[in-house]
Amino acid sequence: MVDLAISEPVVTDDGTASESDGSAGERASNDDDILALYANDESSIELMHSRLRSLADLDFTRFTALQYLGLRQNLLSDTTPLSSLPNLTTLKELDVYDNRLKRIDQGVAAMAQLENLDLSFNKIRTIENVESLVHLRDLFFVSNKIQTIENLGRLTMLRNLELGANRIRVIQNLDELVNLEELYLGKNKISRLENLGSLRRLRILSIQSNRITRIEGLEQLENLEELYLSHNGIERIENLEHNTKLTIFDITKNRISELSGIAHLQQLEDLWASGNQLASFDNIESTCGPLEALRTVYLEFNPVQSEQPANYRRKLMLALPQITQIDATMCRFVFNKLGGGNKDQQQHPSVGTADAIDAGTLKSNATAPEMHAEFVSSERFADNFWSADERCISVLMHKLKNAKQTCSDILQMVQARAQMEEDLGKKLAKQSRAGLGCEEVGSIKDALRTIRTELERNSKSHLDLARQLRAEIEKPLATFIADQRTKRRAQTTVIQKTEGDRNALRSQVRKLQDKRRVDTKKVGDLDLQVNGLQGVGDPKLRSKLDRAQMQQKATENEWVDVRARLKEADQQWRNVWRAACDVFQVLEEERIEYLKTSLWTYTNLVSSTCVSDDESMESIRQDLEKISVADDISVFIGTFGTGPSDDKPADKSVENRPSSSTITSNTVTSAAPSHQSQVSSSAIPAPAQAPPPIQPQPQLQPDLHAYANRSTTPQPDLQAYANRSATPQSLHGHYQQPILNAAAPPPQQQQQQQQRPVSMHASPQNQHLFGWGGGAGGNSRPASSMQGTITADQDLYRRASNNDMYAYNVDPRAASSMSGVVYNRAESPALIPQQQQMQQQQQQQMPPRMGSPRSRASTYNSISAGTATGNFGT
């Protein structure tokens, strides 16, 4: 399948780029034909996210073997055009997910062979026009505005029906769907379980996030395997006596205060009861204990967890030894079931031993229960970390500390990578919305459009990667670190308590030993005195000796008792340390395995994004290979060419006439499109004989196209140009006053004008700049009008000086760049010196500007320049 996304930005007046609207998408469909990449025998077409508003312009008639049509995430509001295509009646799967459909029209109804229809995330209010789709097996109406279940009676082959996130209040009209196996009605407004008795083959029933307060109406659903009733108002589990095949039971986020009515569900594997009001471990043990198939329980956010968070997992494992997963964490231990033994003896090695010590029940190693943990490694911490001092403890504690730091470092790495991917995705999205190549034509434009499309695709892939890193690695890893911390602290607490008790007994033994030595010495001294010559028969010495002997005996007894207690404490310590070593080894194995899985997931996610980027680059490379310089030049000329050159020989009488009479500018051309159809793109040759007298007419409009052909176009006849009828317009849109009484110059004067050298025509100081003639036969303009014209020309000079793009078809090396403005008016010869003087004064007052003709080399600033080239940059 080929996924196409056509979205061409449009450059607005202010120069910014904006996303084109739906009509642009339609134009893209018409111009580029998004179906062109698919072969005639294509069986699957994916047009996801193509900004399609209508299917009328898409030609599906050539696809005779089409089985799947994907129209996800478009702007379609109507599928009726599909009804007129006979080859689509054999379509098996139609996906119109996330569009703007308000009803199910005939375009869908005509596809009688459909087996899978997805109309999720639209605006459909009524289930209609589906009666003819008798072969449907999967039907999806997720997130619409449907209020009633109806018109499904003929869909007897339906296996899966999804009506989640709608506005349904009553379960009804499902009696004919006898083959239905999966029914999803979550996130509606249903208040009662009813009208489900005919769905005897139903395996999965999901009615989450509704208004149900009682479990009922499920007696006939004997094949039900999965029941999802979370986020309702149920207070009691009942009426499940006939649903003995249940393997998953979800009762999360209800009002359950006691587990009951599930002891007979011997096939139950998953029990999800988080977020309720369960407060008794005894109730959990008595209800779930007989369920030998039970492997997973979710009981967090209940009082049993929130009130005793430290002992929650331990007690749950003791109560339900058959489970392998508690909430989101796996249980790695497998216990021996001691025949006839007390369940309290089947202790979890992590903290069960500590409770036994606290209760005083663990007297010796012989009375400790046999415990077996499932280890990955054949070697054990418990056999290799022993010492006479506390060095073994410090080594393992240091290892656990480093393990915690490694997990934190990986978490920070994932967080940083997710943030970088998010920033990169946002920047790529911003670049994809820029107007890259919007003014180009031909194959280079197609390549640049592909780059924009792939930039948008890359942006989405990097943003998706950021979300996946956070959802699949960052959050679970943070939870795993917290869980490991809890287990580690529990063991550390037990070890510290046991070690503290043992050290206290050792200190007491040392004190009693010292006291015992003192008492022994005292008894010996008194015995010598009593048995000596001086002490024979002395009752006082005898009394002291008796008291010393009694004290010695008491000290001895206490010393023996403390030594026995120390021996027991040593044995308890060995048991606790061995169990702690097992727990630490399991934690370490879990950590390594979890980090391996997480890093593997991280690598796969990043790799998939890299593969996506490589595919994008490959698409760009393919379009770049299609770029043809010759074809692009031909397309540009064919689209924007202003006309061919005139190969006819020019009139000899006007051979030396300058081209400054033809004023052209690309800027002016775009500003006056109506004039382009009137003005010839080539120069106009002079007439063979003298023209007739000029009649009163409006002032001329300059020729806006001839400048483009200035290097090859013959020079025009200015007098013939003056006879053209047009409205004068300056370069910047300032209109001049029309001349109504402009008379034609005498023939002799016309001949003199035609024989003038080019330099006279090009120089702004010559009189022809302000009129065709003058003299006695010409009509002179008042000085004030002339001065106003000069002022306007000076304004044009300023504009041209700021940017060479606005220069006229004159020699820029002359003293002024406004000499190309030619008007059809006559000026008095007497005014010429005054004009020249005013222009010279104005030039002296204006400093040269960067980029202006006057800032170039002084050799080009001479007023007496020989020729007028009309070109820049020489």
# chains A, B, ... in the order shown; residues from 1 in each chain; ligands from 1

call {"tool": "residues_around", "arguments": {"residues": "Phe281 of chain A", "least_positions_apart": "2", "cutoff": "12 Å", "atoms": "only C-alpha atoms", "output": "compact mmCIF listing (two decimals) with all heavy atoms, in the first residue's frame"}}
result
# COMPACT_ATOMS: atom_id res chain seq x y z
N SER A 257 -17.38 -3.68 47.92
CA SER A 257 -16.74 -3.69 49.24
C SER A 257 -16.36 -5.09 49.68
O SER A 257 -15.66 -5.25 50.69
CB SER A 257 -17.68 -3.07 50.28
OG SER A 257 -18.92 -3.78 50.33
N GLU A 258 -16.80 -6.11 48.93
CA GLU A 258 -16.51 -7.49 49.31
C GLU A 258 -16.54 -8.36 48.05
O GLU A 258 -17.46 -8.26 47.24
CB GLU A 258 -17.54 -8.00 50.32
CG GLU A 258 -17.29 -9.42 50.80
CD GLU A 258 -18.36 -9.89 51.76
OE1 GLU A 258 -19.43 -9.25 51.84
OE2 GLU A 258 -18.12 -10.90 52.45
N LEU A 259 -15.51 -9.21 47.93
CA LEU A 259 -15.47 -10.14 46.81
C LEU A 259 -16.36 -11.34 47.13
O LEU A 259 -16.21 -11.99 48.17
CB LEU A 259 -14.03 -10.62 46.56
CG LEU A 259 -13.07 -9.63 45.89
CD1 LEU A 259 -11.69 -10.26 45.72
CD2 LEU A 259 -13.61 -9.17 44.55
N LEU A 278 -12.40 -2.69 48.74
CA LEU A 278 -11.99 -3.94 49.37
C LEU A 278 -11.00 -3.64 50.48
O LEU A 278 -9.95 -3.03 50.25
CB LEU A 278 -11.36 -4.86 48.32
CG LEU A 278 -12.25 -5.23 47.12
CD1 LEU A 278 -11.48 -6.06 46.12
CD2 LEU A 278 -13.48 -5.96 47.61
N ALA A 279 -11.31 -4.16 51.69
CA ALA A 279 -10.49 -3.83 52.86
C ALA A 279 -10.01 -5.04 53.62
O ALA A 279 -9.27 -4.89 54.60
CB ALA A 279 -11.28 -2.91 53.80
N ASN A 283 -11.10 -11.86 53.23
CA ASN A 283 -12.14 -12.01 52.21
C ASN A 283 -11.52 -12.35 50.85
O ASN A 283 -12.03 -13.21 50.12
CB ASN A 283 -12.96 -10.73 52.12
CG ASN A 283 -13.87 -10.70 50.91
OD1 ASN A 283 -13.69 -9.90 50.00
ND2 ASN A 283 -14.86 -11.59 50.88
N ILE A 284 -10.41 -11.73 50.54
CA ILE A 284 -9.73 -12.00 49.27
C ILE A 284 -9.22 -13.44 49.25
O ILE A 284 -9.35 -14.15 48.25
CB ILE A 284 -8.58 -11.00 49.06
CG1 ILE A 284 -9.14 -9.58 48.91
CG2 ILE A 284 -7.75 -11.37 47.84
CD1 ILE A 284 -8.07 -8.51 48.87
N GLU A 285 -8.65 -13.88 50.38
CA GLU A 285 -8.12 -15.23 50.44
C GLU A 285 -9.22 -16.27 50.34
O GLU A 285 -9.09 -17.27 49.61
CB GLU A 285 -7.33 -15.42 51.74
CG GLU A 285 -6.73 -16.80 51.89
CD GLU A 285 -5.95 -16.92 53.18
OE1 GLU A 285 -5.90 -15.94 53.95
OE2 GLU A 285 -5.39 -18.01 53.44
N SER A 286 -10.30 -16.08 51.04
CA SER A 286 -11.38 -17.07 51.03
C SER A 286 -12.10 -17.14 49.69
O SER A 286 -12.56 -18.21 49.28
CB SER A 286 -12.39 -16.74 52.13
OG SER A 286 -12.97 -15.45 51.90
N THR A 287 -12.16 -16.00 48.98
CA THR A 287 -12.87 -15.99 47.70
C THR A 287 -11.98 -16.43 46.55
O THR A 287 -12.40 -17.20 45.68
CB THR A 287 -13.41 -14.57 47.43
OG1 THR A 287 -14.24 -14.16 48.51
CG2 THR A 287 -14.22 -14.55 46.13
N CYS A 288 -10.77 -15.93 46.51
CA CYS A 288 -9.89 -16.20 45.36
C CYS A 288 -8.94 -17.37 45.61
O CYS A 288 -8.31 -17.85 44.66
CB CYS A 288 -9.07 -14.95 45.04
SG CYS A 288 -10.07 -13.51 44.63
N GLY A 289 -8.80 -17.79 46.83
CA GLY A 289 -7.90 -18.91 47.11
C GLY A 289 -8.23 -20.17 46.35
O GLY A 289 -7.34 -20.83 45.80
N LEU A 299 -5.52 -5.14 42.45
CA LEU A 299 -6.24 -4.72 43.66
C LEU A 299 -5.71 -3.40 44.21
O LEU A 299 -6.03 -3.04 45.34
CB LEU A 299 -6.13 -5.81 44.74
CG LEU A 299 -6.81 -7.14 44.41
CD1 LEU A 299 -6.46 -8.18 45.46
CD2 LEU A 299 -8.32 -6.97 44.32
N ASN A 302 -7.32 0.12 46.54
CA ASN A 302 -8.31 -0.35 47.49
C ASN A 302 -7.74 -0.11 48.88
O ASN A 302 -6.53 0.10 49.05
CB ASN A 302 -8.58 -1.85 47.28
CG ASN A 302 -9.55 -2.11 46.14
OD1 ASN A 302 -10.75 -1.92 46.27
ND2 ASN A 302 -9.01 -2.55 45.00
N PRO A 303 -8.58 -0.16 49.93
CA PRO A 303 -8.04 -0.01 51.29
C PRO A 303 -6.98 -1.04 51.64
O PRO A 303 -6.07 -0.74 52.43
CB PRO A 303 -9.29 -0.15 52.16
CG PRO A 303 -10.41 0.34 51.30
CD PRO A 303 -10.06 -0.10 49.92
N VAL A 304 -7.07 -2.26 51.09
CA VAL A 304 -6.04 -3.26 51.41
C VAL A 304 -4.67 -2.82 50.92
O VAL A 304 -3.64 -3.26 51.47
CB VAL A 304 -6.42 -4.62 50.77
CG1 VAL A 304 -7.66 -5.18 51.40
CG2 VAL A 304 -6.60 -4.49 49.26
N GLN A 305 -4.62 -1.97 49.93
CA GLN A 305 -3.34 -1.48 49.43
C GLN A 305 -2.98 -0.11 50.00
O GLN A 305 -1.85 0.14 50.39
CB GLN A 305 -3.36 -1.43 47.91
CG GLN A 305 -2.04 -1.04 47.27
CD GLN A 305 -1.93 0.44 46.96
OE1 GLN A 305 -2.95 1.13 46.86
NE2 GLN A 305 -0.72 0.93 46.82
N GLU A 307 -4.00 1.34 52.77
CA GLU A 307 -3.79 1.39 54.22
C GLU A 307 -2.54 0.63 54.66
O GLU A 307 -1.99 0.91 55.72
CB GLU A 307 -5.02 0.81 54.92
CG GLU A 307 -6.28 1.66 54.73
CD GLU A 307 -7.49 1.02 55.38
OE1 GLU A 307 -7.33 -0.06 56.00
OE2 GLU A 307 -8.58 1.61 55.29
N GLN A 308 -2.10 -0.35 53.88
CA GLN A 308 -0.90 -1.12 54.22
C GLN A 308 -0.01 -1.27 52.99
O GLN A 308 0.18 -2.37 52.48
CB GLN A 308 -1.29 -2.51 54.74
CG GLN A 308 -2.27 -2.48 55.91
CD GLN A 308 -2.62 -3.87 56.38
OE1 GLN A 308 -1.74 -4.70 56.65
NE2 GLN A 308 -3.89 -4.15 56.50
N ASN A 311 3.06 -3.87 53.31
CA ASN A 311 2.78 -5.30 53.45
C ASN A 311 1.80 -5.82 52.41
O ASN A 311 1.45 -7.00 52.42
CB ASN A 311 2.22 -5.59 54.84
CG ASN A 311 3.22 -5.26 55.93
OD1 ASN A 311 4.42 -5.40 55.73
ND2 ASN A 311 2.73 -4.82 57.09
N TYR A 312 1.33 -4.94 51.53
CA TYR A 312 0.27 -5.32 50.59
C TYR A 312 0.68 -6.49 49.70
O TYR A 312 -0.01 -7.52 49.64
CB TYR A 312 -0.10 -4.08 49.75
CG TYR A 312 -0.82 -4.36 48.47
CD1 TYR A 312 -2.11 -4.89 48.46
CD2 TYR A 312 -0.22 -4.08 47.24
CE1 TYR A 312 -2.77 -5.13 47.26
CE2 TYR A 312 -0.87 -4.31 46.05
CZ TYR A 312 -2.14 -4.84 46.06
OH TYR A 312 -2.79 -5.09 44.88
N ARG A 313 1.80 -6.37 49.06
CA ARG A 313 2.22 -7.43 48.13
C ARG A 313 2.56 -8.72 48.89
O ARG A 313 2.23 -9.82 48.43
CB ARG A 313 3.41 -6.95 47.30
CG ARG A 313 3.07 -5.87 46.29
CD ARG A 313 4.30 -5.46 45.50
NE ARG A 313 4.92 -6.57 44.83
CZ ARG A 313 4.52 -7.06 43.64
NH1 ARG A 313 3.49 -6.50 43.02
NH2 ARG A 313 5.13 -8.07 43.08
N ARG A 314 3.25 -8.59 50.03
CA ARG A 314 3.62 -9.78 50.79
C ARG A 314 2.39 -10.55 51.24
O ARG A 314 2.29 -11.78 51.05
CB ARG A 314 4.46 -9.38 52.01
CG ARG A 314 4.79 -10.55 52.93
CD ARG A 314 5.51 -10.06 54.17
NE ARG A 314 4.65 -9.18 54.95
CZ ARG A 314 3.74 -9.63 55.83
NH1 ARG A 314 3.55 -10.91 55.98
NH2 ARG A 314 3.00 -8.77 56.51
N LYS A 315 1.44 -9.84 51.79
CA LYS A 315 0.24 -10.52 52.28
C LYS A 315 -0.56 -11.13 51.14
O LYS A 315 -1.15 -12.20 51.28
CB LYS A 315 -0.61 -9.53 53.07
CG LYS A 315 -0.01 -9.13 54.41
CD LYS A 315 -0.98 -8.28 55.21
CE LYS A 315 -0.43 -7.97 56.59
NZ LYS A 315 -1.38 -7.17 57.41
N LEU A 316 -0.57 -10.43 50.00
CA LEU A 316 -1.32 -10.95 48.87
C LEU A 316 -0.66 -12.21 48.32
O LEU A 316 -1.35 -13.17 47.94
CB LEU A 316 -1.41 -9.88 47.78
CG LEU A 316 -2.57 -10.00 46.79
CD1 LEU A 316 -3.90 -10.07 47.49
CD2 LEU A 316 -2.56 -8.83 45.83
N MET A 317 0.66 -12.23 48.31
CA MET A 317 1.35 -13.44 47.85
C MET A 317 1.17 -14.59 48.83
O MET A 317 1.10 -15.75 48.43
CB MET A 317 2.83 -13.12 47.63
CG MET A 317 3.10 -12.33 46.36
SD MET A 317 4.84 -12.10 46.01
CE MET A 317 5.26 -10.87 47.24
N LEU A 318 1.09 -14.29 50.11
CA LEU A 318 0.85 -15.34 51.08
C LEU A 318 -0.58 -15.86 50.98
O LEU A 318 -0.84 -17.06 51.14
CB LEU A 318 1.11 -14.82 52.49
CG LEU A 318 2.56 -14.51 52.85
CD1 LEU A 318 2.66 -13.90 54.23
CD2 LEU A 318 3.42 -15.76 52.76
N ALA A 319 -1.51 -14.96 50.71
CA ALA A 319 -2.91 -15.37 50.63
C ALA A 319 -3.21 -16.10 49.33
O ALA A 319 -4.02 -17.05 49.31
CB ALA A 319 -3.82 -14.14 50.76
N LEU A 320 -2.54 -15.70 48.23
CA LEU A 320 -2.80 -16.30 46.92
C LEU A 320 -1.48 -16.76 46.32
O LEU A 320 -0.89 -16.09 45.46
CB LEU A 320 -3.49 -15.28 45.99
CG LEU A 320 -4.77 -14.63 46.51
CD1 LEU A 320 -5.26 -13.56 45.55
CD2 LEU A 320 -5.86 -15.68 46.73

call {"tool": "residues_around", "arguments": {"residues": "segment 81-91 of chain A", "least_positions_apart": "3", "cutoff": "10 Å", "atoms": "only C-alpha atoms", "output": "PyMOL selection string"}}
result
chain A and resi 43-44+54-69+78+94+105-116

call {"tool": "atom_distance", "arguments": {"atom1": "atom CA of Glu589 of chain A", "atom2": "atom CA of Ile410 of chain A"}}
result
16.8 Å

call {"tool": "residues_around", "arguments": {"residues": "Arg103 of chain A", "least_positions_apart": "5", "cutoff": "9 Å", "atoms": "only C-alpha atoms", "output": "tab-separated table (two decimals) with N, CA and C atoms, in the first residue's frame"}}
result
chain	number	residue	atom	x	y	z
A	77	SER	N	-17.52	14.06	3.56
A	77	SER	CA	-18.86	14.15	4.13
A	77	SER	C	-19.87	13.35	3.33
A	78	ASP	N	-19.39	12.68	2.28
A	78	ASP	CA	-20.31	11.96	1.40
A	78	ASP	C	-19.54	10.86	0.67
A	122	ASN	N	-16.99	9.69	13.26
A	122	ASN	CA	-17.69	10.55	12.33
A	122	ASN	C	-18.81	11.26	13.10
A	123	LYS	N	-19.82	11.69	12.41
A	123	LYS	CA	-20.93	12.40	13.04
A	123	LYS	C	-22.27	11.75	12.72
A	124	ILE	N	-22.25	10.44	12.63
A	124	ILE	CA	-23.45	9.68	12.26
A	124	ILE	C	-24.40	9.64	13.44
A	125	ARG	N	-25.67	9.88	13.16
A	125	ARG	CA	-26.68	9.89	14.22
A	125	ARG	C	-27.62	8.68	14.15
A	126	THR	N	-27.70	8.06	12.98
A	126	THR	CA	-28.66	6.97	12.79
A	126	THR	C	-27.98	5.83	12.04
A	127	ILE	N	-28.24	4.62	12.48
A	127	ILE	CA	-27.77	3.44	11.76
A	127	ILE	C	-28.78	3.14	10.65
A	128	GLU	N	-28.39	3.34	9.41
A	128	GLU	CA	-29.30	3.17	8.28
A	128	GLU	C	-28.51	2.71	7.06

call {"tool": "select_by_dssp", "arguments": {"residues": "segment 147-335 of chain A", "states": "strand (DSSP E)", "output": "ChimeraX atom specification"}}
result
/A:160-162,182-184,204-206,226-228,248-250,270-272,296-298,325-326,329-330

call {"tool": "residues_around", "arguments": {"residues": "Leu455 of chain A", "least_positions_apart": "3", "cutoff": "9 Å", "atoms": "only C-alpha atoms", "output": "ChimeraX atom specification"}}
result
/A:428-429,431-432,450-452,458-460,616

call {"tool": "write_last_selection", "arguments": {"atoms": "N, CA, C and O atoms", "output": "short mmCIF file (atom, residue, chain, number, x, y, z; two decimals), in the first residue's frame"}}
result
data_model
loop_
_atom_site.label_atom_id
_atom_site.label_comp_id
_atom_site.auth_asym_id
_atom_site.auth_seq_id
_atom_site.Cartn_x
_atom_site.Cartn_y
_atom_site.Cartn_z
N LEU A 428 10.41 20.22 12.62
CA LEU A 428 10.13 19.68 11.29
C LEU A 428 8.73 20.06 10.84
O LEU A 428 8.50 20.35 9.66
N ALA A 429 7.77 20.05 11.77
CA ALA A 429 6.42 20.46 11.42
C ALA A 429 6.39 21.92 10.98
O ALA A 429 5.68 22.29 10.04
N GLN A 431 8.87 23.53 9.60
CA GLN A 431 9.47 23.60 8.27
C GLN A 431 8.52 23.10 7.19
O GLN A 431 8.49 23.63 6.08
N SER A 432 7.74 22.05 7.51
CA SER A 432 6.83 21.51 6.50
C SER A 432 5.74 22.49 6.12
O SER A 432 5.14 22.38 5.05
N THR A 450 7.30 17.05 -2.47
CA THR A 450 7.58 15.78 -1.79
C THR A 450 8.40 16.01 -0.52
O THR A 450 8.17 15.37 0.51
N ILE A 451 9.34 16.94 -0.59
CA ILE A 451 10.13 17.26 0.61
C ILE A 451 9.23 17.78 1.71
O ILE A 451 9.36 17.40 2.89
N ARG A 452 8.29 18.67 1.37
CA ARG A 452 7.36 19.17 2.39
C ARG A 452 6.53 18.04 2.97
O ARG A 452 6.32 17.96 4.19
N ASN A 458 7.93 12.98 8.65
CA ASN A 458 9.01 12.83 9.63
C ASN A 458 8.65 13.50 10.95
O ASN A 458 8.97 12.98 12.03
N SER A 459 8.00 14.64 10.85
CA SER A 459 7.57 15.33 12.07
C SER A 459 6.64 14.45 12.89
O SER A 459 6.80 14.30 14.10
N LYS A 460 5.66 13.85 12.23
CA LYS A 460 4.73 12.98 12.94
C LYS A 460 5.44 11.77 13.53
O LYS A 460 5.13 11.35 14.67
N SER A 616 11.58 8.15 3.80
CA SER A 616 11.27 9.50 3.33
C SER A 616 12.37 10.02 2.42
O SER A 616 12.09 10.61 1.37
#

call {"tool": "residues_around", "arguments": {"residues": "Thr498 of chain A", "least_positions_apart": "2", "cutoff": "9 Å", "atoms": "only C-alpha atoms", "output": "PyMOL selection string"}}
result
chain A and resi 354+357+493-496+500-503+569+572-573+576

call {"tool": "closest_residue", "arguments": {"among": "A:Lys426, A:His264, A:Lys404, A:Lys553", "to": "Arg485 of chain A", "atoms": "only C-alpha atoms"}}
result
A:Lys404

call {"tool": "atom_distance", "arguments": {"atom1": "atom CA of Leu246 of chain A", "atom2": "atom CA of Glu226 of chain A"}}
result
5.8 Å
